[in-house]
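Student: A single structure is presented below for examination.
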Amino acid sequence: MKYIISESNLNKVVKNYLESIPEFENLNLVYDNFFDWDSGVSVDVIFFESSPDNPEMEYYPVQSNPEGWNEIDIESHPLLKINTEINLDKILGDKAEKYVKDWFEEKYELPVKTVLF
């Protein structure tokens, strides 16, 4: 049997799935920056933590000082890194990034250009 799911329904299903992940409940936002010794640049980051020092997600906004950044890294920002196994990339392939971007931008009102799983 074949099922046809509309784009809007699939978007709702993915958002509901992401909202149901226990690790994504009650996240605390921790604003930080650190010096990346390998690259020689200061990095701004927002950690989304369920417990201290255990970020479920990391958000790297467009860096305030682009000096020292290579062009590829700057072009990928703002970047969202998912540290929790959500399996959407295995289920939806390349389209998973679009749905995670939509969910994150709607929930946290922060823009995302790239998602890393």
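Starting from 1 in every chain, residues are counted up; chains themselves are A, B, ... following the order of the structure tokens, and ligands are numbered from 1 as listed.
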Give me the residues within 12 Å of Asn11 in chain A as a list in words, counting only C-alpha atoms and dropping any in the same chain fewer than 3 places off.
Tutor: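 My list of contacting residues is Ile5, Ser6, Glu7, Ser8, Val14, Lys15, Asn16, Tyr17, Leu18, Leu92, Lys95, Ala96, Glu97, Lys98, Tyr99, Val100, Lys101, Asp102, Trp103 and Glu106 of chain A.
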Student: Identify all residues of chain A in alpha helix (DSSP H) (DSSP on the backbone) and supply them as number ranges by chain.
Tutor: A: 7-20, 71-75, 88-92, 96-108
Student: When you look at Ile86 in chain A with a cut-off of 9 Å (counting only C-alpha atoms), what residues show up, excluding the ones that are within fewer than 3 positions of it in the same chain? I need them as a ChimeraX atom specification.
Tutor: /A:18,21,82-83,89-90,117
Student: Counting only C-alpha atoms, which residue out of A:Ile91, A:Val41, A:Ile46, A:Ile4 sits closest to Asn70 in chain A?
Tutor: A:Val41
Student: So the first atom is CA of Met57 in chain A and the second is CA of Trp69 in chain A; what is the distance between them in Å, to one decimal place?
Tutor: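 Distance reported for this atom pair: 22.0 Å.
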Student: Which residue is closest to Pro78 in chain A? Choose from A:Val115, A:Pro55, A:Phe47, A:Glu109 and count only C-alpha atoms.
Tutor: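 Under the stated criterion, the closest residue is A:Val115.
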Student: Can you list, as a ChimeraX atom specification, every protein, DNA or RNA residue that comes within 8 Å of Tyr60 in chain A when you count only C-alpha atoms, leaving out same-chain residues fewer than 5 positions away?
Tutor: /A:43-46,77-80
Student: Which one is closest to Leu29 in chain A: A:Asn9, A:Asn54, A:Ser42, A:Thr84? Count only C-alpha atoms.
Tutor: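 Distance minimum relative to Leu29 in chain A lands on A:Asn54.
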Student: Quick check, in Å to one decimal: how far apart do CA of Glu58 in chain A and CA of Lys81 in chain A lie?
Tutor: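 Pair CA of Glu58 in chain A / CA of Lys81 in chain A returns 5.0 Å.
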